[in-house]
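K.L.:
Mind having a look at this structure? Questions to follow.
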2 protein chains.
Amino acid sequence: MRFTVVQRLAESDATVGDLAAMFDITVQGVSQHLDVLEKAGLVSRHKEGRTRRVRLEPTALSEAAGWMEARRRRLEERYSRLDEVLADMAQEGDTR
Amino acid sequence: MRFTVVQRLAESDATVGDLAAMFDITVQGVSQHLDVLEKAGLVSRHKEGRTRRVRLEPTALSEAAGWMEARRRRLEERYSRLDEVLADMAQEGDTR
DNA sequence: TTGACATTCAAGTGTTTACTTGAATAAATG
DNA sequence: CATTTATTCAAGTAAACACTTGAATGTCAA
């Protein structure tokens, strides 16, 4: 659910009411989800007349993506080396 | 918790027992977490003698990072345009 | 000011989650 | 073969979560 809200906000900003209608839950429910997303720094709420514009924060997304990307690279490197070692071991096993 | 397991696996592979000791929960608990991570395609388990090597799957991480990165770029672009528009509006407001 | 609308605050509820203990399975080791 | 070690399967429980309804707050518009 929370993830789906993020997906939707990635399309464009929305109001609490928009999100509630879209996901077919009460506005109170949406507001509660936004509380935790906001605490996590993923979204921000801006008063705008009597509605509130909910926006996804690019920086938070950026940090998460960065973390994952860095780890992915390390893993790929590591496993490509591991594969070499295993290949060597297999060969030794064959010839002995 | 699940995220922390992923973090730990990003360091190096581990056995179920390793993880249990490290996080101070029962091996059963770890095994259950691994069930869901495996279903989600984030880790894989390989029988190795009587232990099992748990490995983080680079490809899954890669996909998630890719999704985030793409969205982040779109958001930044969008908001930089929005900022320009708002700056223009502010100027008009001043001079009028 | 009054009414309508958008949102949040507060409190309650059923479902899901993150564990636990106890028993079963499967491989190494004496 | 019997024992030990690593893990999974099964079932139970307390805490967290994703909602809900009802009431309060704040803003626009007649």
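Residue numbering restarts at 1 for every chain of the structure tokens, chains are lettered A, B, ... in their displayed order, and ligands are numbered from 1 as they appear.
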Would you mind aligning chain A to chain B, a least-squares fit over all C-alpha atoms taken in order, and returning the superposed chain as a PDB file with N, CA and C atoms, in the first residue's frame?

P.N.:
ATOM      1  N   MET A   1      14.247  -5.281  10.379  1.00  0.00           N
ATOM      2  CA  MET A   1      14.889  -6.591  10.557  1.00  0.00           C
ATOM      3  C   MET A   1      15.257  -7.215   9.226  1.00  0.00           C
ATOM      4  N   ARG A   2      14.245  -7.361   8.370  1.00  0.00           N
ATOM      5  CA  ARG A   2      14.497  -7.969   7.068  1.00  0.00           C
ATOM      6  C   ARG A   2      15.550  -7.160   6.333  1.00  0.00           C
ATOM      7  N   PHE A   3      15.421  -5.851   6.423  1.00  0.00           N
ATOM      8  CA  PHE A   3      16.370  -4.974   5.757  1.00  0.00           C
ATOM      9  C   PHE A   3      17.770  -5.189   6.314  1.00  0.00           C
ATOM     10  N   THR A   4      17.863  -5.363   7.635  1.00  0.00           N
ATOM     11  CA  THR A   4      19.160  -5.552   8.271  1.00  0.00           C
ATOM     12  C   THR A   4      19.796  -6.853   7.806  1.00  0.00           C
ATOM     13  N   VAL A   5      18.973  -7.867   7.610  1.00  0.00           N
ATOM     14  CA  VAL A   5      19.493  -9.134   7.081  1.00  0.00           C
ATOM     15  C   VAL A   5      20.082  -8.893   5.690  1.00  0.00           C
ATOM     16  N   VAL A   6      19.378  -8.130   4.891  1.00  0.00           N
ATOM     17  CA  VAL A   6      19.881  -7.818   3.544  1.00  0.00           C
ATOM     18  C   VAL A   6      21.204  -7.073   3.647  1.00  0.00           C
ATOM     19  N   GLN A   7      21.269  -6.104   4.550  1.00  0.00           N
ATOM     20  CA  GLN A   7      22.517  -5.361   4.751  1.00  0.00           C
ATOM     21  C   GLN A   7      23.647  -6.310   5.081  1.00  0.00           C
ATOM     22  N   ARG A   8      23.384  -7.246   5.987  1.00  0.00           N
ATOM     23  CA  ARG A   8      24.417  -8.184   6.399  1.00  0.00           C
ATOM     24  C   ARG A   8      24.860  -9.063   5.234  1.00  0.00           C
ATOM     25  N   LEU A   9      23.896  -9.496   4.433  1.00  0.00           N
ATOM     26  CA  LEU A   9      24.223 -10.375   3.311  1.00  0.00           C
ATOM     27  C   LEU A   9      24.970  -9.619   2.227  1.00  0.00           C
ATOM     28  N   ALA A  10      24.789  -8.291   2.227  1.00  0.00           N
ATOM     29  CA  ALA A  10      25.523  -7.483   1.254  1.00  0.00           C
ATOM     30  C   ALA A  10      27.017  -7.542   1.558  1.00  0.00           C
ATOM     31  N   GLU A  11      27.374  -7.798   2.812  1.00  0.00           N
ATOM     32  CA  GLU A  11      28.772  -7.936   3.213  1.00  0.00           C
ATOM     33  C   GLU A  11      29.347  -9.230   2.649  1.00  0.00           C
ATOM     34  N   SER A  12      28.667 -10.333   2.940  1.00  0.00           N
ATOM     35  CA  SER A  12      29.105 -11.639   2.444  1.00  0.00           C
ATOM     36  C   SER A  12      28.002 -12.647   2.714  1.00  0.00           C
ATOM     37  N   ASP A  13      28.067 -13.792   2.057  1.00  0.00           N
ATOM     38  CA  ASP A  13      27.081 -14.842   2.283  1.00  0.00           C
ATOM     39  C   ASP A  13      27.145 -15.279   3.748  1.00  0.00           C
ATOM     40  N   ALA A  14      26.130 -15.991   4.188  1.00  0.00           N
ATOM     41  CA  ALA A  14      26.113 -16.485   5.564  1.00  0.00           C
ATOM     42  C   ALA A  14      25.234 -17.716   5.621  1.00  0.00           C
ATOM     43  N   THR A  15      25.313 -18.443   6.744  1.00  0.00           N
ATOM     44  CA  THR A  15      24.403 -19.558   6.943  1.00  0.00           C
ATOM     45  C   THR A  15      23.256 -19.070   7.820  1.00  0.00           C
ATOM     46  N   VAL A  16      22.209 -19.869   7.916  1.00  0.00           N
ATOM     47  CA  VAL A  16      21.074 -19.524   8.763  1.00  0.00           C
ATOM     48  C   VAL A  16      21.541 -19.337  10.207  1.00  0.00           C
ATOM     49  N   GLY A  17      22.412 -20.243  10.643  1.00  0.00           N
ATOM     50  CA  GLY A  17      22.921 -20.166  12.008  1.00  0.00           C
ATOM     51  C   GLY A  17      23.708 -18.883  12.262  1.00  0.00           C
ATOM     52  N   ASP A  18      24.552 -18.499  11.303  1.00  0.00           N
ATOM     53  CA  ASP A  18      25.306 -17.246  11.413  1.00  0.00           C
ATOM     54  C   ASP A  18      24.361 -16.089  11.693  1.00  0.00           C
ATOM     55  N   LEU A  19      23.346 -16.003  10.859  1.00  0.00           N
ATOM     56  CA  LEU A  19      22.410 -14.883  10.957  1.00  0.00           C
ATOM     57  C   LEU A  19      21.684 -14.885  12.293  1.00  0.00           C
ATOM     58  N   ALA A  20      21.278 -16.077  12.731  1.00  0.00           N
ATOM     59  CA  ALA A  20      20.568 -16.193  13.999  1.00  0.00           C
ATOM     60  C   ALA A  20      21.444 -15.687  15.142  1.00  0.00           C
ATOM     61  N   ALA A  21      22.716 -16.128  15.158  1.00  0.00           N
ATOM     62  CA  ALA A  21      23.639 -15.710  16.211  1.00  0.00           C
ATOM     63  C   ALA A  21      23.822 -14.193  16.164  1.00  0.00           C
ATOM     64  N   MET A  22      24.032 -13.707  14.963  1.00  0.00           N
ATOM     65  CA  MET A  22      24.304 -12.289  14.756  1.00  0.00           C
ATOM     66  C   MET A  22      23.151 -11.401  15.217  1.00  0.00           C
ATOM     67  N   PHE A  23      21.922 -11.822  14.945  1.00  0.00           N
ATOM     68  CA  PHE A  23      20.790 -10.965  15.287  1.00  0.00           C
ATOM     69  C   PHE A  23      20.115 -11.373  16.585  1.00  0.00           C
ATOM     70  N   ASP A  24      20.681 -12.407  17.209  1.00  0.00           N
ATOM     71  CA  ASP A  24      20.160 -12.850  18.489  1.00  0.00           C
ATOM     72  C   ASP A  24      18.664 -13.186  18.424  1.00  0.00           C
ATOM     73  N   ILE A  25      18.288 -13.945  17.409  1.00  0.00           N
ATOM     74  CA  ILE A  25      16.949 -14.525  17.369  1.00  0.00           C
ATOM     75  C   ILE A  25      17.140 -16.002  17.059  1.00  0.00           C
ATOM     76  N   THR A  26      16.084 -16.788  17.156  1.00  0.00           N
ATOM     77  CA  THR A  26      16.206 -18.222  16.913  1.00  0.00           C
ATOM     78  C   THR A  26      16.437 -18.493  15.431  1.00  0.00           C
ATOM     79  N   VAL A  27      17.006 -19.647  15.121  1.00  0.00           N
ATOM     80  CA  VAL A  27      17.222 -20.001  13.717  1.00  0.00           C
ATOM     81  C   VAL A  27      15.882 -20.128  12.995  1.00  0.00           C
ATOM     82  N   GLN A  28      14.862 -20.570  13.722  1.00  0.00           N
ATOM     83  CA  GLN A  28      13.530 -20.671  13.113  1.00  0.00           C
ATOM     84  C   GLN A  28      13.075 -19.306  12.611  1.00  0.00           C
ATOM     85  N   GLY A  29      13.305 -18.301  13.439  1.00  0.00           N
ATOM     86  CA  GLY A  29      12.929 -16.938  13.059  1.00  0.00           C
ATOM     87  C   GLY A  29      13.628 -16.507  11.785  1.00  0.00           C
ATOM     88  N   VAL A  30      14.932 -16.755  11.734  1.00  0.00           N
ATOM     89  CA  VAL A  30      15.701 -16.405  10.536  1.00  0.00           C
ATOM     90  C   VAL A  30      15.142 -17.141   9.332  1.00  0.00           C
ATOM     91  N   SER A  31      14.910 -18.423   9.505  1.00  0.00           N
ATOM     92  CA  SER A  31      14.410 -19.242   8.404  1.00  0.00           C
ATOM     93  C   SER A  31      13.118 -18.642   7.841  1.00  0.00           C
ATOM     94  N   GLN A  32      12.274 -18.150   8.721  1.00  0.00           N
ATOM     95  CA  GLN A  32      11.009 -17.554   8.283  1.00  0.00           C
ATOM     96  C   GLN A  32      11.241 -16.279   7.474  1.00  0.00           C
ATOM     97  N   HIS A  33      12.174 -15.454   7.934  1.00  0.00           N
ATOM     98  CA  HIS A  33      12.489 -14.239   7.177  1.00  0.00           C
ATOM     99  C   HIS A  33      13.018 -14.606   5.790  1.00  0.00           C
ATOM    100  N   LEU A  34      13.855 -15.616   5.764  1.00  0.00           N
ATOM    101  CA  LEU A  34      14.435 -16.036   4.491  1.00  0.00           C
ATOM    102  C   LEU A  34      13.349 -16.525   3.534  1.00  0.00           C
ATOM    103  N   ASP A  35      12.313 -17.187   4.097  1.00  0.00           N
ATOM    104  CA  ASP A  35      11.200 -17.625   3.253  1.00  0.00           C
ATOM    105  C   ASP A  35      10.648 -16.452   2.445  1.00  0.00           C
ATOM    106  N   VAL A  36      10.400 -15.334   3.142  1.00  0.00           N
ATOM    107  CA  VAL A  36       9.780 -14.224   2.411  1.00  0.00           C
ATOM    108  C   VAL A  36      10.781 -13.521   1.505  1.00  0.00           C
ATOM    109  N   LEU A  37      12.037 -13.407   1.944  1.00  0.00           N
ATOM    110  CA  LEU A  37      13.042 -12.781   1.083  1.00  0.00           C
ATOM    111  C   LEU A  37      13.269 -13.618  -0.168  1.00  0.00           C
ATOM    112  N   GLU A  38      13.192 -14.937   0.002  1.00  0.00           N
ATOM    113  CA  GLU A  38      13.404 -15.828  -1.137  1.00  0.00           C
ATOM    114  C   GLU A  38      12.230 -15.733  -2.112  1.00  0.00           C
ATOM    115  N   LYS A  39      11.023 -15.713  -1.570  1.00  0.00           N
ATOM    116  CA  LYS A  39       9.838 -15.565  -2.418  1.00  0.00           C
ATOM    117  C   LYS A  39       9.912 -14.268  -3.213  1.00  0.00           C
ATOM    118  N   ALA A  40      10.452 -13.236  -2.568  1.00  0.00           N
ATOM    119  CA  ALA A  40      10.574 -11.935  -3.220  1.00  0.00           C
ATOM    120  C   ALA A  40      11.749 -11.915  -4.196  1.00  0.00           C
ATOM    121  N   GLY A  41      12.499 -13.030  -4.262  1.00  0.00           N
ATOM    122  CA  GLY A  41      13.621 -13.112  -5.206  1.00  0.00           C
ATOM    123  C   GLY A  41      14.855 -12.341  -4.765  1.00  0.00           C
ATOM    124  N   LEU A  42      14.920 -11.964  -3.505  1.00  0.00           N
ATOM    125  CA  LEU A  42      16.051 -11.155  -3.039  1.00  0.00           C
ATOM    126  C   LEU A  42      17.240 -12.004  -2.603  1.00  0.00           C
ATOM    127  N   VAL A  43      16.964 -13.215  -2.126  1.00  0.00           N
ATOM    128  CA  VAL A  43      18.054 -14.095  -1.712  1.00  0.00           C
ATOM    129  C   VAL A  43      17.814 -15.500  -2.268  1.00  0.00           C
ATOM    130  N   SER A  44      18.867 -16.309  -2.224  1.00  0.00           N
ATOM    131  CA  SER A  44      18.722 -17.713  -2.605  1.00  0.00           C
ATOM    132  C   SER A  44      19.448 -18.557  -1.567  1.00  0.00           C
ATOM    133  N   ARG A  45      19.000 -19.803  -1.399  1.00  0.00           N
ATOM    134  CA  ARG A  45      19.611 -20.713  -0.437  1.00  0.00           C
ATOM    135  C   ARG A  45      20.193 -21.899  -1.184  1.00  0.00           C
ATOM    136  N   HIS A  46      21.441 -22.215  -0.883  1.00  0.00           N
ATOM    137  CA  HIS A  46      22.100 -23.341  -1.547  1.00  0.00           C
ATOM    138  C   HIS A  46      22.554 -24.349  -0.512  1.00  0.00           C
ATOM    139  N   LYS A  47      22.127 -25.584  -0.658  1.00  0.00           N
ATOM    140  CA  LYS A  47      22.554 -26.642   0.240  1.00  0.00           C
ATOM    141  C   LYS A  47      24.064 -26.770   0.120  1.00  0.00           C
ATOM    142  N   GLU A  48      24.710 -26.938   1.240  1.00  0.00           N
ATOM    143  CA  GLU A  48      26.165 -27.047   1.234  1.00  0.00           C
ATOM    144  C   GLU A  48      26.540 -27.887   2.445  1.00  0.00           C
ATOM    145  N   GLY A  49      26.725 -29.181   2.213  1.00  0.00           N
ATOM    146  CA  GLY A  49      26.957 -30.074   3.340  1.00  0.00           C
ATOM    147  C   GLY A  49      25.722 -30.041   4.205  1.00  0.00           C
ATOM    148  N   ARG A  50      25.933 -29.886   5.492  1.00  0.00           N
ATOM    149  CA  ARG A  50      24.724 -29.832   6.325  1.00  0.00           C
ATOM    150  C   ARG A  50      24.312 -28.398   6.666  1.00  0.00           C
ATOM    151  N   THR A  51      24.995 -27.431   6.118  1.00  0.00           N
ATOM    152  CA  THR A  51      24.547 -26.053   6.316  1.00  0.00           C
ATOM    153  C   THR A  51      23.930 -25.558   5.013  1.00  0.00           C
ATOM    154  N   ARG A  52      23.419 -24.366   5.020  1.00  0.00           N
ATOM    155  CA  ARG A  52      22.914 -23.760   3.800  1.00  0.00           C
ATOM    156  C   ARG A  52      23.473 -22.363   3.624  1.00  0.00           C
ATOM    157  N   ARG A  53      24.051 -22.125   2.474  1.00  0.00           N
ATOM    158  CA  ARG A  53      24.638 -20.819   2.193  1.00  0.00           C
ATOM    159  C   ARG A  53      23.550 -19.891   1.681  1.00  0.00           C
ATOM    160  N   VAL A  54      23.404 -18.757   2.342  1.00  0.00           N
ATOM    161  CA  VAL A  54      22.394 -17.784   1.932  1.00  0.00           C
ATOM    162  C   VAL A  54      23.087 -16.664   1.195  1.00  0.00           C
ATOM    163  N   ARG A  55      22.607 -16.408  -0.006  1.00  0.00           N
ATOM    164  CA  ARG A  55      23.245 -15.400  -0.859  1.00  0.00           C
ATOM    165  C   ARG A  55      22.238 -14.357  -1.304  1.00  0.00           C
ATOM    166  N   LEU A  56      22.696 -13.105  -1.339  1.00  0.00           N
ATOM    167  CA  LEU A  56      21.860 -12.008  -1.836  1.00  0.00           C
ATOM    168  C   LEU A  56      21.900 -12.017  -3.356  1.00  0.00           C
ATOM    169  N   GLU A  57      20.760 -11.849  -3.995  1.00  0.00           N
ATOM    170  CA  GLU A  57      20.712 -11.868  -5.463  1.00  0.00           C
ATOM    171  C   GLU A  57      20.946 -10.481  -6.056  1.00  0.00           C
ATOM    172  N   PRO A  58      22.047 -10.299  -6.764  1.00  0.00           N
ATOM    173  CA  PRO A  58      22.362  -8.974  -7.299  1.00  0.00           C
ATOM    174  C   PRO A  58      21.287  -8.461  -8.253  1.00  0.00           C
ATOM    175  N   THR A  59      20.697  -9.331  -9.025  1.00  0.00           N
ATOM    176  CA  THR A  59      19.750  -8.884 -10.058  1.00  0.00           C
ATOM    177  C   THR A  59      18.541  -8.183  -9.449  1.00  0.00           C
ATOM    178  N   ALA A  60      18.011  -8.738  -8.354  1.00  0.00           N
ATOM    179  CA  ALA A  60      16.840  -8.135  -7.722  1.00  0.00           C
ATOM    180  C   ALA A  60      17.167  -6.728  -7.233  1.00  0.00           C
ATOM    181  N   LEU A  61      18.318  -6.616  -6.593  1.00  0.00           N
ATOM    182  CA  LEU A  61      18.767  -5.317  -6.106  1.00  0.00           C
ATOM    183  C   LEU A  61      18.894  -4.349  -7.270  1.00  0.00           C
ATOM    184  N   SER A  62      19.420  -4.864  -8.341  1.00  0.00           N
ATOM    185  CA  SER A  62      19.632  -4.047  -9.527  1.00  0.00           C
ATOM    186  C   SER A  62      18.323  -3.482 -10.057  1.00  0.00           C
ATOM    187  N   GLU A  63      17.306  -4.324 -10.110  1.00  0.00           N
ATOM    188  CA  GLU A  63      16.013  -3.875 -10.615  1.00  0.00           C
ATOM    189  C   GLU A  63      15.422  -2.770  -9.747  1.00  0.00           C
ATOM    190  N   ALA A  64      15.482  -2.975  -8.441  1.00  0.00           N
ATOM    191  CA  ALA A  64      14.933  -1.980  -7.524  1.00  0.00           C
ATOM    192  C   ALA A  64      15.678  -0.658  -7.655  1.00  0.00           C
ATOM    193  N   ALA A  65      17.003  -0.754  -7.698  1.00  0.00           N
ATOM    194  CA  ALA A  65      17.811   0.460  -7.820  1.00  0.00           C
ATOM    195  C   ALA A  65      17.490   1.175  -9.135  1.00  0.00           C
ATOM    196  N   GLY A  66      17.299   0.399 -10.179  1.00  0.00           N
ATOM    197  CA  GLY A  66      16.982   0.970 -11.491  1.00  0.00           C
ATOM    198  C   GLY A  66      15.668   1.733 -11.462  1.00  0.00           C
ATOM    199  N   TRP A  67      14.677   1.128 -10.854  1.00  0.00           N
ATOM    200  CA  TRP A  67      13.366   1.770 -10.767  1.00  0.00           C
ATOM    201  C   TRP A  67      13.488   3.110 -10.058  1.00  0.00           C
ATOM    202  N   MET A  68      14.149   3.065  -8.911  1.00  0.00           N
ATOM    203  CA  MET A  68      14.292   4.283  -8.115  1.00  0.00           C
ATOM    204  C   MET A  68      15.067   5.354  -8.866  1.00  0.00           C
ATOM    205  N   GLU A  69      16.120   4.951  -9.492  1.00  0.00           N
ATOM    206  CA  GLU A  69      16.968   5.900 -10.204  1.00  0.00           C
ATOM    207  C   GLU A  69      16.179   6.588 -11.319  1.00  0.00           C
ATOM    208  N   ALA A  70      15.415   5.808 -12.066  1.00  0.00           N
ATOM    209  CA  ALA A  70      14.634   6.369 -13.169  1.00  0.00           C
ATOM    210  C   ALA A  70      13.644   7.403 -12.633  1.00  0.00           C
ATOM    211  N   ARG A  71      12.953   7.036 -11.536  1.00  0.00           N
ATOM    212  CA  ARG A  71      11.975   7.962 -10.961  1.00  0.00           C
ATOM    213  C   ARG A  71      12.630   9.211 -10.426  1.00  0.00           C
ATOM    214  N   ARG A  72      13.739   9.021  -9.775  1.00  0.00           N
ATOM    215  CA  ARG A  72      14.456  10.168  -9.205  1.00  0.00           C
ATOM    216  C   ARG A  72      14.772  11.175 -10.296  1.00  0.00           C
ATOM    217  N   ARG A  73      15.278  10.663 -11.435  1.00  0.00           N
ATOM    218  CA  ARG A  73      15.647  11.562 -12.531  1.00  0.00           C
ATOM    219  C   ARG A  73      14.441  12.338 -13.016  1.00  0.00           C
ATOM    220  N   ARG A  74      13.319  11.625 -13.208  1.00  0.00           N
ATOM    221  CA  ARG A  74      12.104  12.297 -13.681  1.00  0.00           C
ATOM    222  C   ARG A  74      11.668  13.371 -12.708  1.00  0.00           C
ATOM    223  N   LEU A  75      11.746  13.051 -11.419  1.00  0.00           N
ATOM    224  CA  LEU A  75      11.317  14.011 -10.400  1.00  0.00           C
ATOM    225  C   LEU A  75      12.180  15.262 -10.421  1.00  0.00           C
ATOM    226  N   GLU A  76      13.464  15.057 -10.482  1.00  0.00           N
ATOM    227  CA  GLU A  76      14.375  16.202 -10.453  1.00  0.00           C
ATOM    228  C   GLU A  76      14.110  17.119 -11.623  1.00  0.00           C
ATOM    229  N   GLU A  77      13.915  16.518 -12.779  1.00  0.00           N
ATOM    230  CA  GLU A  77      13.634  17.287 -13.981  1.00  0.00           C
ATOM    231  C   GLU A  77      12.353  18.098 -13.771  1.00  0.00           C
ATOM    232  N   ARG A  78      11.329  17.380 -13.322  1.00  0.00           N
ATOM    233  CA  ARG A  78      10.030  18.020 -13.138  1.00  0.00           C
ATOM    234  C   ARG A  78      10.109  19.190 -12.176  1.00  0.00           C
ATOM    235  N   TYR A  79      10.777  18.984 -11.045  1.00  0.00           N
ATOM    236  CA  TYR A  79      10.794  20.032 -10.033  1.00  0.00           C
ATOM    237  C   TYR A  79      11.676  21.204 -10.446  1.00  0.00           C
ATOM    238  N   SER A  80      12.677  20.954 -11.245  1.00  0.00           N
ATOM    239  CA  SER A  80      13.486  22.088 -11.672  1.00  0.00           C
ATOM    240  C   SER A  80      12.650  22.977 -12.583  1.00  0.00           C
ATOM    241  N   ARG A  81      11.791  22.361 -13.399  1.00  0.00           N
ATOM    242  CA  ARG A  81      10.898  23.155 -14.253  1.00  0.00           C
ATOM    243  C   ARG A  81       9.879  23.888 -13.380  1.00  0.00           C
ATOM    244  N   LEU A  82       9.331  23.208 -12.420  1.00  0.00           N
ATOM    245  CA  LEU A  82       8.336  23.815 -11.528  1.00  0.00           C
ATOM    246  C   LEU A  82       8.922  25.040 -10.833  1.00  0.00           C
ATOM    247  N   ASP A  83      10.163  24.921 -10.412  1.00  0.00           N
ATOM    248  CA  ASP A  83      10.815  26.043  -9.740  1.00  0.00           C
ATOM    249  C   ASP A  83      10.884  27.251 -10.668  1.00  0.00           C
ATOM    250  N   GLU A  84      11.187  27.016 -11.931  1.00  0.00           N
ATOM    251  CA  GLU A  84      11.250  28.127 -12.895  1.00  0.00           C
ATOM    252  C   GLU A  84       9.903  28.826 -12.970  1.00  0.00           C
ATOM    253  N   VAL A  85       8.857  28.038 -13.157  1.00  0.00           N
ATOM    254  CA  VAL A  85       7.516  28.599 -13.266  1.00  0.00           C
ATOM    255  C   VAL A  85       7.178  29.431 -12.029  1.00  0.00           C
ATOM    256  N   LEU A  86       7.462  28.877 -10.865  1.00  0.00           N
ATOM    257  CA  LEU A  86       7.155  29.580  -9.624  1.00  0.00           C
ATOM    258  C   LEU A  86       7.947  30.884  -9.521  1.00  0.00           C
ATOM    259  N   ALA A  87       9.194  30.824  -9.951  1.00  0.00           N
ATOM    260  CA  ALA A  87      10.029  32.022  -9.932  1.00  0.00           C
ATOM    261  C   ALA A  87       9.399  33.093 -10.820  1.00  0.00           C
ATOM    262  N   ASP A  88       8.940  32.696 -12.007  1.00  0.00           N
ATOM    263  CA  ASP A  88       8.285  33.628 -12.929  1.00  0.00           C
ATOM    264  C   ASP A  88       7.054  34.240 -12.278  1.00  0.00           C
ATOM    265  N   MET A  89       6.232  33.400 -11.688  1.00  0.00           N
ATOM    266  CA  MET A  89       5.003  33.880 -11.056  1.00  0.00           C
ATOM    267  C   MET A  89       5.315  34.887  -9.964  1.00  0.00           C
ATOM    268  N   ALA A  90       6.338  34.595  -9.180  1.00  0.00           N
ATOM    269  CA  ALA A  90       6.724  35.491  -8.092  1.00  0.00           C
ATOM    270  C   ALA A  90       7.101  36.860  -8.659  1.00  0.00           C
ATOM    271  N   GLN A  91       7.836  36.857  -9.758  1.00  0.00           N
ATOM    272  CA  GLN A  91       8.287  38.103 -10.381  1.00  0.00           C
ATOM    273  C   GLN A  91       7.080  38.919 -10.854  1.00  0.00           C
ATOM    274  N   GLU A  92       6.160  38.253 -11.572  1.00  0.00           N
ATOM    275  CA  GLU A  92       4.931  38.919 -12.025  1.00  0.00           C
ATOM    276  C   GLU A  92       4.209  39.561 -10.854  1.00  0.00           C
ATOM    277  N   GLY A  93       4.078  38.800  -9.814  1.00  0.00           N
ATOM    278  CA  GLY A  93       3.402  39.302  -8.620  1.00  0.00           C
ATOM    279  C   GLY A  93       4.063  40.565  -8.087  1.00  0.00           C
ATOM    280  N   ASP A  94       5.374  40.581  -8.095  1.00  0.00           N
ATOM    281  CA  ASP A  94       6.120  41.730  -7.576  1.00  0.00           C
ATOM    282  C   ASP A  94       5.852  42.996  -8.385  1.00  0.00           C
ATOM    283  N   THR A  95       5.910  42.852  -9.727  1.00  0.00           N
ATOM    284  CA  THR A  95       5.866  44.029 -10.607  1.00  0.00           C
ATOM    285  C   THR A  95       4.452  44.588 -10.778  1.00  0.00           C
ATOM    286  N   ARG A  96       3.454  43.800 -10.497  1.00  0.00           N
ATOM    287  CA  ARG A  96       2.090  44.253 -10.736  1.00  0.00           C
ATOM    288  C   ARG A  96       1.572  45.131  -9.617  1.00  0.00           C
TER     289      ARG A  96
END

K.L.:
Taking only C-alpha atoms (C1' of nucleotides) into account, report as a count of residues only which residues of chain C lie within 12 Å of chain A.

P.N.:
7

K.L.:
Got a sec to tell me which of chain B DSSP assigns to helix (DSSP H, G or I), as a PyMOL selection string?

P.N.:
chain B and resi 2-11+16-23+27-39+58-95

K.L.:
Do you have, as JSON lines, the list of residues of chain D lying at most 8 Å from chain B, each with its nearest atom pair and that distance in Å to one decimal, counting only C-alpha atoms (C1' of nucleotides) and ordered by chain then number?

P.N.:
{"residue": "D:DT5", "atom": "C1'", "partner": "B:Arg50", "partner_atom": "CA", "distance": 7.8}
{"residue": "D:DA6", "atom": "C1'", "partner": "B:Thr51", "partner_atom": "CA", "distance": 5.4}
{"residue": "D:DT7", "atom": "C1'", "partner": "B:Thr51", "partner_atom": "CA", "distance": 7.4}
{"residue": "D:DT8", "atom": "C1'", "partner": "B:Ser31", "partner_atom": "CA", "distance": 7.5}

K.L.:
Near DT13 of chain C, within 12 Å and counting only C-alpha atoms (C1' of nucleotides), which residues show up once chain neighbours fewer than 5 positions away are dropped, as a ChimeraX atom specification?

P.N.:
/D:17-21
